[in-house]
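First the structure, in the form of C-alpha cells, and then the observations on it.
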Amino acid sequence: MSRFAVIDTETTWGDDVMSIGTVIADAETFELLDRRYYILTPFKSHGGMYSHALYASGIQPDLEGPRETAMSELGRFLAGHDVATIFAYNAAFDHRHLPELSHLAWYDIMRMAAYRQHNPKIPHCADCYGTGRLKRGYGVESIYRMLSEDPRYCELHNALTDAIDELEIMRMLNHEVGSYALARIG
C-alpha cells in the first residue's frame, strides 16, 4: 500500500450523512496528497449538531448533490489513487454510515491514539483502564491537543478539516501504517 485515505462524516439529527471529507495520504510520509469534500442533499438541510460548519472557513464542496452521486464520485476518487485502505477516528461510526465502502479495509485511529502503549503523550497520571485505554478525554480534540501540545486547538466539525486533523493525529503518533493492523474493524 503506497496510499491510504482518511475519512470523516458529519450527520444530521436524524443520523443521515450530510457531509463527507476525504484526504489521500502517502503511506510512508503521511503527506496529504489530495482531498475531496462532499455535501449531500437534501440532508444538508435537515439540520444537525454541526450544520453550521458545512461551509466553515469558506470551504466549498467539490460536489454538492445526492448521496448516490457523491458516493459514486468518491469511489472513483479512491480508485484513481489506488486506495484500498481507509482510516477514521472512531471508524465504526463512519464505516456504519458509509456501507458503500465496506469492501475496503477500515482501521480505527482512535484504537491507537487512546492507548498508553501506543500514545507516548498520554500522561502517567491519566486515568486509564487496565488495558491502557484512557477512561475519558480520548476524542479528536483532546488527543490532538495532547499530541500537538497546543491547548488552543479546537475541532471545527467540518468533515474535510476533521479528516485533515485526523491524518495529522496519525502523523503525530508516528506509527507506521502497518502498526494499525490491530485497529482493523469490520
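Residue numbering restarts at 1 in every chain; chains get A, B, ... in the order shown in the C-alpha cells, and ligands count up from 1 in that same order.
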Problem set entry | strand (DSSP E) positions in region 12-55 of chain A, given as an MDAnalysis selection string | chainID A and resid 17:26 32:41
Preceding selection exported with C-alpha atoms as a short mmCIF file (atom, residue, chain, number, x, y, z; two decimals), in the first residue's frame:
```cif
data_model
loop_
_atom_site.label_atom_id
_atom_site.label_comp_id
_atom_site.auth_asym_id
_atom_site.auth_seq_id
_atom_site.Cartn_x
_atom_site.Cartn_y
_atom_site.Cartn_z
CA VAL A 17 -24.82 11.65 6.40
CA MET A 18 -24.82 15.32 5.39
CA SER A 19 -21.12 15.69 4.54
CA ILE A 20 -18.05 13.57 3.81
CA GLY A 21 -14.45 14.72 3.92
CA THR A 22 -11.68 12.56 2.48
CA VAL A 23 -7.94 13.00 2.25
CA ILE A 24 -5.41 10.83 0.46
CA ALA A 25 -2.02 10.44 2.11
CA ASP A 26 1.30 8.85 1.31
CA LEU A 32 -1.52 14.92 2.28
CA LEU A 33 -1.68 14.28 -1.47
CA ASP A 34 -5.27 15.03 -2.41
CA ARG A 35 -8.66 15.79 -0.86
CA ARG A 36 -12.36 15.79 -1.60
CA TYR A 37 -15.33 17.29 0.21
CA TYR A 38 -18.94 16.34 -0.44
CA ILE A 39 -22.14 17.90 0.89
CA LEU A 40 -25.16 15.66 0.49
CA THR A 41 -28.58 16.95 -0.49
#
```
Would you please give, as a PDB file with C-alpha atoms, in the first residue's frame, all residues of region 5-136 of chain A that DSSP assigns to helix (DSSP H, G or I) based on the backbone?
```
ATOM      1  CA  PHE A  43     -29.652  16.041   4.060  1.00  0.00           C
ATOM      2  CA  LYS A  44     -27.652  19.263   4.466  1.00  0.00           C
ATOM      3  CA  SER A  45     -30.992  20.999   5.053  1.00  0.00           C
ATOM      4  CA  SER A  51     -24.683  22.055  10.306  1.00  0.00           C
ATOM      5  CA  HIS A  52     -23.079  25.429  10.982  1.00  0.00           C
ATOM      6  CA  ALA A  53     -19.690  24.012   9.930  1.00  0.00           C
ATOM      7  CA  ALA A  56     -16.831  26.837   7.703  1.00  0.00           C
ATOM      8  CA  SER A  57     -13.837  28.989   6.834  1.00  0.00           C
ATOM      9  CA  GLY A  58     -15.200  29.444   3.321  1.00  0.00           C
ATOM     10  CA  ARG A  67     -25.709  10.718  -1.918  1.00  0.00           C
ATOM     11  CA  GLU A  68     -25.613   8.306  -4.872  1.00  0.00           C
ATOM     12  CA  THR A  69     -23.712  10.826  -6.996  1.00  0.00           C
ATOM     13  CA  ALA A  70     -21.299  11.693  -4.190  1.00  0.00           C
ATOM     14  CA  MET A  71     -20.585   8.053  -3.334  1.00  0.00           C
ATOM     15  CA  SER A  72     -20.021   7.191  -6.985  1.00  0.00           C
ATOM     16  CA  GLU A  73     -17.574  10.086  -7.340  1.00  0.00           C
ATOM     17  CA  LEU A  74     -15.876   9.172  -4.046  1.00  0.00           C
ATOM     18  CA  GLY A  75     -15.448   5.593  -5.255  1.00  0.00           C
ATOM     19  CA  ARG A  76     -13.806   6.826  -8.473  1.00  0.00           C
ATOM     20  CA  PHE A  77     -11.604   9.218  -6.471  1.00  0.00           C
ATOM     21  CA  LEU A  78     -10.367   6.429  -4.175  1.00  0.00           C
ATOM     22  CA  ALA A  79      -9.850   4.019  -7.087  1.00  0.00           C
ATOM     23  CA  GLY A  80      -7.947   6.703  -9.011  1.00  0.00           C
ATOM     24  CA  ALA A  91     -14.050   4.318  12.461  1.00  0.00           C
ATOM     25  CA  ALA A  92     -17.037   2.149  13.404  1.00  0.00           C
ATOM     26  CA  PHE A  93     -19.228   5.254  13.152  1.00  0.00           C
ATOM     27  CA  ASP A  94     -18.073   6.235   9.656  1.00  0.00           C
ATOM     28  CA  HIS A  95     -17.964   2.606   8.488  1.00  0.00           C
ATOM     29  CA  ARG A  96     -21.599   2.143   9.555  1.00  0.00           C
ATOM     30  CA  HIS A  97     -22.635   5.338   7.739  1.00  0.00           C
ATOM     31  CA  PRO A  99     -21.740   0.922   3.645  1.00  0.00           C
ATOM     32  CA  GLU A 100     -20.838   1.620   0.005  1.00  0.00           C
ATOM     33  CA  LEU A 101     -17.187   1.496   1.108  1.00  0.00           C
ATOM     34  CA  MET A 110      -8.673   6.002  17.990  1.00  0.00           C
ATOM     35  CA  ARG A 111      -7.600   2.429  18.811  1.00  0.00           C
ATOM     36  CA  MET A 112      -4.012   3.627  18.698  1.00  0.00           C
ATOM     37  CA  ALA A 113      -4.458   7.186  19.974  1.00  0.00           C
TER      38      ALA A 113
END
```
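In terms of minimum interatomic distance to Glu149 (chain A), A:Pro123 ranks closest within A:Ala5, A:Thr131, A:Pro123, A:Pro61, counting only C-alpha atoms.
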For this session: Excluding region 132-146 of chain A and residues on its chain fewer than 3 positions from it, collect all residues at most 8 Å away from it, counting only C-alpha atoms, and give them as an MDAnalysis selection string.
Result: chainID A and resid 89 110 113:117 121:122 126:129 149:155 165:166 169
Seminar exercise, completed: One decimal place gives the CA of Glu28 (chain A)-CA of Leu147 (chain A) separation as 19.5 Å
Problem set entry | Using only C-alpha atoms: which of A:Pro120, A:Thr12, A:Ile7, A:Glu64 has the shortest distance to His46 (chain A) |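 Smallest distance to His46 (chain A) is found for A:Thr12.
What separates CA of Leu156 (chain A) from CA of Asp62 (chain A) is a distance of 18.5 Å.
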For this session: Tell me, in Å to one decimal, how far CA of Met1 (chain A) is from CA of Gly186 (chain A).
Result: 19.0 Å
